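Colleague: Following this line is start-v4.txt, made up of compact mmCIF, C-alpha atoms:
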# COMPACT_ATOMS: atom_id res chain seq x y z
CA MET A 629 179.93 468.11 226.57
CA ILE A 630 181.68 468.81 223.27
CA LEU A 631 179.22 470.04 220.65
CA HIS A 632 179.88 467.33 218.06
CA GLU A 633 178.96 464.63 220.58
CA PHE A 634 175.30 465.66 220.30
CA VAL A 635 175.24 463.68 217.03
CA ASP A 636 176.30 460.05 217.36
CA PHE A 637 179.27 458.89 215.30
CA ASP A 638 177.32 456.14 213.52
CA ILE A 639 174.57 458.60 212.56
CA LEU A 640 177.13 461.02 211.14
CA ARG A 641 178.62 458.21 209.10
CA VAL A 642 175.24 457.36 207.60
CA ILE A 643 174.51 461.05 206.96
CA TRP A 644 177.76 461.45 205.05
CA TRP A 645 177.18 458.24 203.14
CA GLY A 646 173.82 459.71 202.11
CA LEU A 647 175.31 463.12 201.31
CA LEU A 648 177.94 461.51 199.10
CA GLY A 649 175.13 459.84 197.19
CA VAL A 650 173.28 463.16 196.94
CA LEU A 651 176.36 464.84 195.48
CA LEU A 652 176.89 462.06 192.93
CA ILE A 653 173.23 462.15 191.94
CA GLY A 654 173.38 465.96 191.74
CA PHE A 655 176.34 465.66 189.38
CA ALA A 656 174.49 463.16 187.19
CA LEU A 657 171.30 465.26 187.12
CA THR A 658 173.10 468.47 186.12
CA ASP A 659 176.37 467.73 184.35
CA GLY A 660 174.84 464.50 183.10
CA PHE A 661 172.76 466.25 180.46
CA ASP A 662 175.89 468.19 179.41
CA LEU A 663 177.63 464.86 178.78
CA GLY A 664 174.57 463.56 176.97
CA VAL A 665 174.36 466.62 174.72
CA GLY A 666 178.05 466.26 173.86
CA THR A 667 177.54 462.61 172.97
CA LEU A 668 174.54 463.43 170.79
CA LEU A 669 176.07 466.50 169.12
CA PRO A 670 177.27 464.88 165.85
CA PHE A 671 173.95 463.11 165.41
CA VAL A 672 171.21 465.56 166.37
CA ALA A 673 172.84 468.62 164.78
CA ARG A 674 173.99 468.36 161.16
CA THR A 675 174.66 471.95 160.17
CA ASP A 676 176.86 474.55 161.80
CA ILE A 677 173.84 476.55 162.98
CA GLU A 678 172.20 473.45 164.46
CA ARG A 679 175.38 472.53 166.30
CA ARG A 680 175.73 476.03 167.67
CA VAL A 681 172.14 475.81 168.90
CA ALA A 682 172.85 472.51 170.67
CA ILE A 683 176.10 473.79 172.19
CA ASN A 684 174.44 476.99 173.40
CA THR A 685 171.89 475.00 175.40
CA VAL A 686 174.69 473.84 177.72
CA GLY A 687 177.40 476.46 177.13
CA PRO A 688 176.21 478.91 179.80
CA VAL A 689 175.61 476.29 182.52
CA TRP A 690 178.13 473.48 182.17
CA GLU A 691 180.76 475.16 184.37
CA GLY A 692 178.28 475.58 187.21
CA ASN A 693 177.19 471.97 186.82
CA GLN A 694 180.80 470.87 187.36
CA VAL A 695 180.52 472.15 190.94
CA TRP A 696 178.79 468.91 191.93
CA PHE A 697 181.70 466.89 190.56
CA ILE A 698 184.17 468.96 192.60
CA LEU A 699 182.00 468.74 195.72
CA GLY A 700 181.78 464.97 195.33
CA GLY A 701 185.55 464.62 195.05
CA GLY A 702 186.04 466.93 198.02
CA ALA A 703 183.53 465.00 200.11
CA ILE A 704 185.31 461.72 199.37
CA PHE A 705 188.67 463.27 200.29
CA ALA A 706 187.47 464.75 203.59
CA ALA A 707 184.82 462.29 204.78
CA TRP A 708 186.17 458.99 203.41
CA PRO A 709 190.01 459.29 203.15
CA PRO A 710 190.66 455.56 202.58
CA LEU A 711 188.10 455.54 199.76
CA TYR A 712 189.83 458.53 198.17
CA ALA A 713 193.26 456.91 198.52
CA VAL A 714 192.28 453.54 197.08
CA SER A 715 189.98 454.72 194.28
CA PHE A 716 192.10 457.57 192.99
CA SER A 717 195.28 455.48 193.02
CA GLY A 718 193.76 452.21 191.80
CA PHE A 719 191.64 453.88 189.11
CA TYR A 720 194.43 456.30 188.21
CA LEU A 721 194.47 455.67 184.45
CA ALA A 722 190.67 455.61 184.29
CA MET A 723 190.55 458.91 186.19
CA PHE A 724 193.17 460.37 183.86
CA LEU A 725 191.09 459.29 180.87
CA ILE A 726 188.01 460.98 182.33
CA LEU A 727 189.88 464.18 183.15
CA ALA A 728 191.50 464.31 179.72
CA ALA A 729 188.08 463.96 178.11
CA LEU A 730 186.57 466.58 180.40
CA ILE A 731 189.38 468.99 179.58
CA LEU A 732 188.36 468.80 175.92
CA ARG A 733 184.99 470.37 176.76
CA PRO A 734 186.07 473.87 177.85
CA VAL A 735 188.65 473.98 175.07
CA GLY A 736 186.02 472.93 172.54
CA PHE A 737 183.52 475.51 173.80
CA LYS A 738 186.06 478.32 173.70
CA TYR A 739 187.85 477.52 170.44
CA ARG A 740 185.16 476.06 168.19
CA SER A 741 183.87 479.36 166.83
CA LYS A 742 187.22 481.15 166.70
CA ARG A 743 187.61 480.23 163.03
CA GLU A 744 185.13 479.92 160.18
CA ASP A 745 186.91 476.88 158.75
CA GLU A 746 184.53 473.91 158.47
CA ARG A 747 187.18 471.30 159.28
CA TRP A 748 188.27 473.28 162.34
CA ARG A 749 184.73 473.38 163.73
CA SER A 750 184.09 469.74 162.87
CA ALA A 751 187.22 468.69 164.74
CA TRP A 752 186.10 470.53 167.88
CA ASP A 753 182.59 469.10 167.52
CA TRP A 754 184.09 465.61 167.68
CA ALA A 755 186.22 466.72 170.63
CA LEU A 756 183.01 467.71 172.42
CA PHE A 757 181.60 464.29 171.52
CA VAL A 758 184.61 462.58 173.13
CA GLY A 759 184.26 464.89 176.14
CA GLY A 760 180.72 463.60 176.63
CA PHE A 761 180.98 459.96 175.53
CA VAL A 762 184.12 458.91 177.41
CA PRO A 763 183.16 460.14 180.93
CA ALA A 764 179.60 458.83 180.55
CA LEU A 765 180.95 455.37 179.71
CA VAL A 766 183.89 455.23 182.13
CA PHE A 767 181.86 456.38 185.14
CA GLY A 768 179.60 453.38 184.61
CA VAL A 769 182.57 451.05 184.12
CA ALA A 770 183.91 452.21 187.48
CA VAL A 771 180.59 451.44 189.19
CA GLY A 772 180.55 447.99 187.60
CA ASN A 773 183.98 447.26 189.04
CA VAL A 774 182.96 448.52 192.48
CA LEU A 775 180.01 446.12 192.52
CA GLN A 776 182.32 443.20 191.69
CA GLY A 777 185.07 444.23 194.09
CA VAL A 778 188.31 446.02 193.37
CA PRO A 779 191.70 444.22 193.48
CA PHE A 780 193.32 445.99 196.42
CA ARG A 781 194.42 445.08 199.91
CA LEU A 782 195.44 446.94 203.02
CA THR A 783 198.68 446.34 204.88
CA ASP A 784 198.82 446.23 208.67
CA ASP A 785 199.54 449.98 208.73
CA LEU A 786 196.55 450.60 206.41
CA LEU A 787 198.65 451.29 203.32
CA SER A 788 196.56 450.42 200.26
CA ILE A 789 198.13 448.23 197.57
CA TYR A 790 196.31 448.01 194.23
CA GLU A 791 197.11 444.95 192.12
CA GLY A 792 194.83 445.48 189.14
CA SER A 793 195.37 447.02 185.72
CA PHE A 794 193.52 449.45 183.49
CA PHE A 795 192.48 446.76 181.03
CA GLY A 796 191.35 444.58 183.92
CA LEU A 797 188.72 447.22 184.60
CA LEU A 798 187.26 446.61 181.14
CA ASN A 799 185.63 443.31 182.05
CA PRO A 800 182.26 442.26 180.60
CA TYR A 801 180.08 443.22 183.58
CA ALA A 802 181.80 446.58 184.00
CA LEU A 803 181.32 447.34 180.29
CA LEU A 804 177.63 446.49 180.64
CA ALA A 805 177.42 448.91 183.58
CA GLY A 806 179.16 451.45 181.35
CA LEU A 807 176.42 451.00 178.75
CA VAL A 808 173.79 451.59 181.44
CA SER A 809 175.49 454.86 182.35
CA LEU A 810 175.96 455.90 178.73
CA SER A 811 172.38 455.19 177.66
CA MET A 812 171.03 456.87 180.82
CA LEU A 813 172.98 460.09 180.22
CA VAL A 814 172.22 460.12 176.48
CA MET A 815 168.54 459.87 177.41
CA HIS A 816 169.05 462.79 179.81
CA GLY A 817 170.87 464.86 177.19
CA ALA A 818 168.13 464.19 174.66
CA ALA A 819 165.49 465.27 177.19
CA TRP A 820 167.40 468.52 177.72
CA LEU A 821 167.66 469.18 173.97
CA GLN A 822 163.96 468.48 173.53
CA LEU A 823 163.26 471.01 176.28
CA LYS A 824 165.68 473.70 175.10
CA THR A 825 165.52 473.53 171.28
CA GLU A 826 163.00 473.39 168.48
CA GLY A 827 162.81 472.23 164.87
CA MET A 828 165.02 469.46 163.53
CA VAL A 829 167.38 469.42 166.52
CA ALA A 830 164.48 468.76 168.90
CA ASP A 831 162.95 466.20 166.52
CA ARG A 832 166.17 464.24 166.26
CA ALA A 833 166.71 464.50 170.01
CA ARG A 834 163.27 462.97 170.58
CA SER A 835 164.11 460.08 168.26
CA TYR A 836 167.49 459.33 169.79
CA GLY A 837 166.13 459.92 173.28
CA ALA A 838 163.39 457.31 172.83
CA TRP A 839 165.97 454.73 171.75
CA ALA A 840 168.24 455.71 174.65
CA ALA A 841 165.36 455.30 177.12
CA LEU A 842 164.70 451.80 175.79
CA ALA A 843 168.42 451.03 175.97
CA THR A 844 168.46 452.23 179.57
CA ILE A 845 165.63 449.85 180.49
CA VAL A 846 167.20 446.87 178.72
CA THR A 847 170.79 447.37 179.92
CA TYR A 848 169.69 448.15 183.48
CA ALA A 849 167.57 444.99 183.55
CA LEU A 850 170.44 442.88 182.18
CA ALA A 851 172.86 444.38 184.68
CA GLY A 852 170.44 443.63 187.52
CA LEU A 853 169.94 440.02 186.44
CA TRP A 854 173.69 439.54 186.08
CA LEU A 855 174.24 441.11 189.50
CA ALA A 856 171.68 438.77 191.03
CA GLY A 857 173.13 435.56 189.61
CA GLY A 858 176.67 436.21 188.44
CA VAL A 859 178.32 438.64 190.87
CA GLU A 860 179.30 437.58 194.38
CA ALA A 861 178.32 439.86 197.24
CA TYR A 862 180.18 440.81 200.41
CA SER A 863 178.98 440.57 204.00
CA PHE A 864 180.29 440.92 207.54
CA VAL A 865 181.20 437.84 209.53
CA GLY A 866 179.92 438.35 213.07
CA THR A 867 178.92 441.69 214.52
CA VAL A 868 180.36 445.09 213.69
CA ALA A 869 180.31 448.29 215.74
CA PRO A 870 178.76 451.14 213.69
CA ASP A 871 180.58 453.65 215.90
CA GLY A 872 183.86 451.75 215.97
CA PRO A 873 187.31 452.95 214.91
CA SER A 874 188.06 453.66 211.26
CA ASN A 875 190.11 450.55 210.63
CA PRO A 876 188.67 448.06 208.11
CA LEU A 877 191.08 445.34 209.25
CA MET A 878 189.32 445.13 212.61
CA ASN A 879 186.26 443.58 210.95
CA GLU A 880 186.01 440.26 209.13
CA VAL A 881 184.30 440.21 205.74
CA ALA A 882 183.36 437.22 203.62
CA ARG A 883 182.64 437.01 199.91
CA GLY A 884 179.73 434.97 198.65
CA GLY A 885 175.99 434.98 198.14
CA SER A 886 174.07 437.59 196.19
CA TRP A 887 173.72 441.34 196.49
CA MET A 888 169.98 440.75 196.13
CA ALA A 889 169.91 439.56 199.74
CA ALA A 890 169.79 443.26 200.62
CA TYR A 891 166.24 443.39 199.24
CA GLU A 892 165.17 440.57 201.55
CA ALA A 893 166.68 442.31 204.56
CA ARG A 894 165.39 445.79 203.59
CA PRO A 895 162.45 445.38 201.18
CA TRP A 896 161.81 449.12 201.07
CA ILE A 897 164.97 449.74 199.02
CA ALA A 898 163.21 448.15 196.02
CA ILE A 899 161.74 451.60 195.42
CA ALA A 900 165.09 452.67 193.93
CA PRO A 901 165.25 450.23 190.97
CA ALA A 902 161.51 450.67 190.52
CA LEU A 903 162.07 454.41 190.04
CA GLY A 904 164.91 453.65 187.64
CA PHE A 905 162.67 451.57 185.39
CA LEU A 906 159.59 453.77 185.81
CA GLY A 907 161.47 456.96 185.03
CA ALA A 908 163.01 455.53 181.85
CA ALA A 909 159.61 454.18 180.73
CA LEU A 910 157.93 457.55 181.34
CA ALA A 911 160.79 459.29 179.53
CA PHE A 912 160.20 457.02 176.53
CA LEU A 913 156.53 457.97 176.51
CA GLY A 914 157.46 461.62 176.93
CA PHE A 915 159.73 461.50 173.89
CA LYS A 916 157.00 459.84 171.85
CA THR A 917 154.31 462.33 172.89
CA ASP A 918 156.54 465.43 172.96
CA LYS A 919 155.91 466.19 176.62
CA GLU A 920 159.03 468.27 177.22
CA GLY A 921 158.81 469.02 180.92
CA TRP A 922 157.55 465.58 181.89
CA THR A 923 160.29 463.92 179.85
CA MET A 924 163.00 465.86 181.66
CA LEU A 925 161.43 465.09 185.03
CA ALA A 926 161.11 461.40 184.17
CA SER A 927 164.73 461.28 183.04
CA LYS A 928 165.83 462.78 186.37
CA LEU A 929 163.66 460.24 188.19
CA SER A 930 165.33 457.38 186.33
CA ILE A 931 168.83 458.66 187.12
CA LEU A 932 167.90 459.08 190.78
CA GLY A 933 166.61 455.53 190.99
CA ILE A 934 169.47 453.88 189.11
CA ILE A 935 172.26 455.55 191.09
CA ALA A 936 170.45 455.17 194.42
CA SER A 937 169.90 451.46 193.74
CA VAL A 938 173.66 450.87 193.63
CA GLY A 939 174.33 452.52 196.98
CA LEU A 940 171.32 450.98 198.73
CA THR A 941 172.11 447.51 197.40
CA MET A 942 175.72 447.65 198.59
CA PHE A 943 175.15 449.33 201.97
CA PRO A 944 177.14 449.37 204.20
CA PHE A 945 179.91 448.53 201.72
CA ILE A 946 181.48 451.39 199.80
CA LEU A 947 184.46 449.74 198.09
CA PRO A 948 184.75 445.94 198.44
CA SER A 949 188.11 444.26 197.98
CA SER A 950 188.27 441.23 195.70
CA LEU A 951 191.81 440.36 196.87
CA ASP A 952 191.21 440.50 200.60
CA PRO A 953 187.52 440.87 201.55
CA SER A 954 188.48 442.03 205.06
CA SER A 955 190.21 445.04 203.50
CA SER A 956 186.85 446.17 202.11
CA LEU A 957 185.86 449.74 202.92
CA THR A 958 182.49 450.22 204.57
CA VAL A 959 180.43 453.00 206.08
CA TRP A 960 181.31 451.77 209.58
CA ASP A 961 185.10 451.60 209.35
CA SER A 962 186.52 453.95 206.70
CA SER A 963 185.33 457.43 207.61
CA SER A 964 187.09 460.45 209.03
CA SER A 965 186.87 461.22 212.74
CA HIS A 966 183.69 462.09 214.63
CA LEU A 967 184.73 465.75 214.90
CA THR A 968 185.70 466.03 211.22
CA LEU A 969 182.36 464.67 210.03
CA PHE A 970 180.49 467.04 212.33
CA VAL A 971 182.42 470.13 211.17
CA MET A 972 181.86 469.10 207.55
CA LEU A 973 178.15 468.61 208.22
CA VAL A 974 177.84 472.13 209.62
CA SER A 975 179.63 473.46 206.54
CA ALA A 976 177.36 471.47 204.24
CA VAL A 977 174.23 472.75 205.99
CA ILE A 978 175.42 476.31 205.35
CA PHE A 979 176.84 476.12 201.84
CA VAL A 980 174.84 473.45 199.98
CA PRO A 981 171.57 475.45 200.22
CA LEU A 982 173.44 478.50 198.90
CA ILE A 983 174.69 476.47 195.94
CA LEU A 984 171.19 475.14 195.29
CA ALA A 985 169.70 478.64 195.47
CA TYR A 986 172.30 480.08 193.10
CA THR A 987 171.87 477.19 190.68
CA ALA A 988 168.10 477.63 190.69
CA TRP A 989 168.51 481.36 190.03
CA VAL A 990 170.87 480.72 187.09
CA TYR A 991 168.46 478.28 185.45
CA LYS A 992 165.59 480.71 185.99
CA VAL A 993 167.52 483.51 184.28
CA LEU A 994 168.52 481.25 181.38
CA TRP A 995 165.11 479.63 181.00
CA GLY A 996 163.65 479.33 177.52
CA LYS A 997 164.54 477.77 174.20
CA VAL A 998 167.68 478.41 172.18
CA THR A 999 166.78 479.09 168.55
CA ALA A 1000 168.68 479.46 165.30
CA SER A 1001 167.97 483.19 165.29
CA ASP A 1002 169.61 483.47 168.72
CA VAL A 1003 172.95 482.15 167.51
CA VAL A 1004 172.78 484.02 164.19
CA ASP A 1005 171.97 487.33 165.88
CA ASN A 1006 174.84 486.75 168.29
CA SER A 1007 177.50 485.67 165.82
CA ASP A 1008 180.30 486.92 168.07
CA SER A 1009 179.39 484.43 170.80
CA VAL A 1010 182.23 482.13 171.84
CA TYR A 1011 179.87 479.21 171.32
Would you write out, as structure tokens, the structure that this file holds?
Modeller:
Amino acid sequence: MILHEFVDFDILRVIWWGLLGVLLIGFALTDGFDLGVGTLLPFVARTDIERRVAINTVGPVWEGNQVWFILGGGAIFAAWPPLYAVSFSGFYLAMFLILAALILRPVGFKYRSKREDERWRSAWDWALFVGGFVPALVFGVAVGNVLQGVPFRLTDDLLSIYEGSFFGLLNPYALLAGLVSLSMLVMHGAAWLQLKTEGMVADRARSYGAWAALATIVTYALAGLWLAGGVEAYSFVGTVAPDGPSNPLMNEVARGGSWMAAYEARPWIAIAPALGFLGAALAFLGFKTDKEGWTMLASKLSILGIIASVGLTMFPFILPSSLDPSSSLTVWDSSSSHLTLFVMLVSAVIFVPLILAYTAWVYKVLWGKVTASDVVDNSDSVY
């Protein structure tokens, strides 16, 4: 018997669906606070020293945090090729906007302190703001569109044809989902600043973080209510083979009903939105009572719950099609081959723990607060 046949094809598909979620959550938990700090930079830090303190809390770790973003993109490419093809071509301009904003971050980190000129540094500070604000918003907009269905269809030879536009992505529900993402990551960034700084920067971070936590609760609740009553769901017509061929056109999908039907079929998944609300509420209390460690943990809990709730609500759908529901991509019909998923799983089992161990070691080495004296005593720092 061939080794990969020891693990059933349908189980491998579910494993890689779960691993994709883990990678996306890992990105949000790590690089998410980088984006939040960038978004908060002009507001929590009002002097050059304060801004250098805020930047130095993320400067040494942001590049390592980007690994999760790269792993997520690689996992989509290798495990879910149709998803990669449709999303990266259909969301091309949105992806370009995100990448352009992300490119501003390393340039801002490296060039900000190269000159003493106040206008020069202020310009790069706003560049870092854009590098945090735009991805945090657009990632949520993308999720909002996925929940509604994306305007694409598959031809008989599985060529994807996208018939939407960039401005079509900026619909009301998607923008609300963008606000959920933005407020969630601002809350996370504020929790990080509270943990890593002191004085006025930490005080302002606590204030903005409390408001961001409340905004997360409100926008997430509104998005959930809208999803329940104003967004049509997708479902299979008839039976589907979980270990069938990777051809979405072989299954019939209908549009209608509510995504909330998933909670009737699988009541246990309600734990995800519950964690989203509970984490944000605990983060709010943590900001108000200055419980640094608990606030950061609660923020992570909220992010975990909010992102997990999207995947669990949609399962087994990954990318529904609003033009032709039967072109929708699902866990059961849009993966790579059995052998490919198995080889990738073996690689993940080997390398993901190494990445986690290295990341933990880096944070252990860099543990502690960044103070004004740190940046003054190290005036030659690139940050």
Colleague: Atom CA of Met812 of chain A and atom CA of Phe671 of chain A, how far apart in Å?
Modeller: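 Going from atom CA of Phe671 of chain A over to atom CA of Met812 of chain A, I get 16.9 Å.
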Colleague: Considering all atoms listed in the file, give me a table of residues in segment 748-776 of chain A that are at most 12 Å from segment 704-721 of chain A, with the closest atom pair and distance in Å for each, as a Markdown table.
Modeller:
| residue | atom | partner | partner_atom | distance |
| --- | --- | --- | --- | --- |
| A:Val766 | CA | A:Phe719 | CA | 10.5 |
| A:Phe767 | CA | A:Phe719 | CA | 10.8 |
| A:Val769 | CA | A:Phe719 | CA | 10.7 |
| A:Ala770 | CA | A:Phe719 | CA | 8.1 |
| A:Val771 | CA | A:Ser715 | CA | 11.2 |
| A:Asn773 | CA | A:Phe719 | CA | 10.1 |
| A:Val774 | CA | A:Ser715 | CA | 9.5 |
Colleague: I want to know what sits within 10 Å of Val635 of chain A, based on all atoms listed in the file, with residues of the same chain fewer than 5 positions away left out; could you give that as a list in words?
Modeller: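 Skipping anything fewer than 5 positions along the chain leaves Leu640, His966, Leu967 and Phe970 of chain A.
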Colleague: Quick one: of A:Val762, A:Ala908, A:Leu925, A:Val689, who's nearest to Val993 of chain A, counting all atoms listed in the file?
Modeller: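 Counting all atoms listed in the file, the residue closest to Val993 of chain A is A:Val689.
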Colleague: Taking (183.8, 475.8, 165.5) in the file's coordinates as the center, which residues reach within 10 Å of it, counting all atoms listed in the file, put as a CSV table (one decimal) with C-alpha atoms, in the coordinates of the input?
Modeller:
chain,number,residue,atom,x,y,z
A,676,ASP,CA,176.9,474.6,161.8
A,679,ARG,CA,175.4,472.5,166.3
A,680,ARG,CA,175.7,476.0,167.7
A,736,GLY,CA,186.0,472.9,172.5
A,737,PHE,CA,183.5,475.5,173.8
A,738,LYS,CA,186.1,478.3,173.7
A,739,TYR,CA,187.8,477.5,170.4
A,740,ARG,CA,185.2,476.1,168.2
A,741,SER,CA,183.9,479.4,166.8
A,742,LYS,CA,187.2,481.2,166.7
A,743,ARG,CA,187.6,480.2,163.0
A,744,GLU,CA,185.1,479.9,160.2
A,745,ASP,CA,186.9,476.9,158.8
A,746,GLU,CA,184.5,473.9,158.5
A,747,ARG,CA,187.2,471.3,159.3
A,748,TRP,CA,188.3,473.3,162.3
A,749,ARG,CA,184.7,473.4,163.7
A,750,SER,CA,184.1,469.7,162.9
A,751,ALA,CA,187.2,468.7,164.7
A,752,TRP,CA,186.1,470.5,167.9
A,753,ASP,CA,182.6,469.1,167.5
A,1010,VAL,CA,182.2,482.1,171.8
A,1011,TYR,CA,179.9,479.2,171.3
Colleague: Excluding same-chain residues fewer than 2 positions from Gln694 of chain A, what lies within 12 Å of it counting all atoms listed in the file, as an MDAnalysis selection string?
Modeller: chainID A and resid 651:652 654:663 686 688:692 696:701 730:731 733:734 983 987
Colleague: What does the distance from atom CA of Leu669 of chain A to atom CA of Trp754 of chain A come to in Å, to one decimal?
Modeller: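 So the answer is 8.2 Å.
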Colleague: Just give me the gap between atom CA of Lys997 of chain A and atom CA of Glu678 of chain A in Å, one decimal is fine.
Modeller: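 Atom-to-atom, atom CA of Lys997 of chain A and atom CA of Glu678 of chain A are spaced 13.1 Å apart.
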Colleague: Within 10 Å of (197.5, 451.1, 206.4), all atoms listed in the file: residues as a PyMOL selection string?
Modeller: chain A and resi 710+781-789+875-877+955
Colleague: Any chance you can output those residues with C-alpha atoms as a compact mmCIF listing (two decimals), in the frame of the given file?
Modeller:
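Okay, out_24.txt is ready:
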# COMPACT_ATOMS: atom_id res chain seq x y z
CA PRO A 710 190.66 455.56 202.58
CA ARG A 781 194.42 445.08 199.91
CA LEU A 782 195.44 446.94 203.02
CA THR A 783 198.68 446.34 204.88
CA ASP A 784 198.82 446.23 208.67
CA ASP A 785 199.54 449.98 208.73
CA LEU A 786 196.55 450.60 206.41
CA LEU A 787 198.65 451.29 203.32
CA SER A 788 196.56 450.42 200.26
CA ILE A 789 198.13 448.23 197.57
CA ASN A 875 190.11 450.55 210.63
CA PRO A 876 188.67 448.06 208.11
CA LEU A 877 191.08 445.34 209.25
CA SER A 955 190.21 445.04 203.50
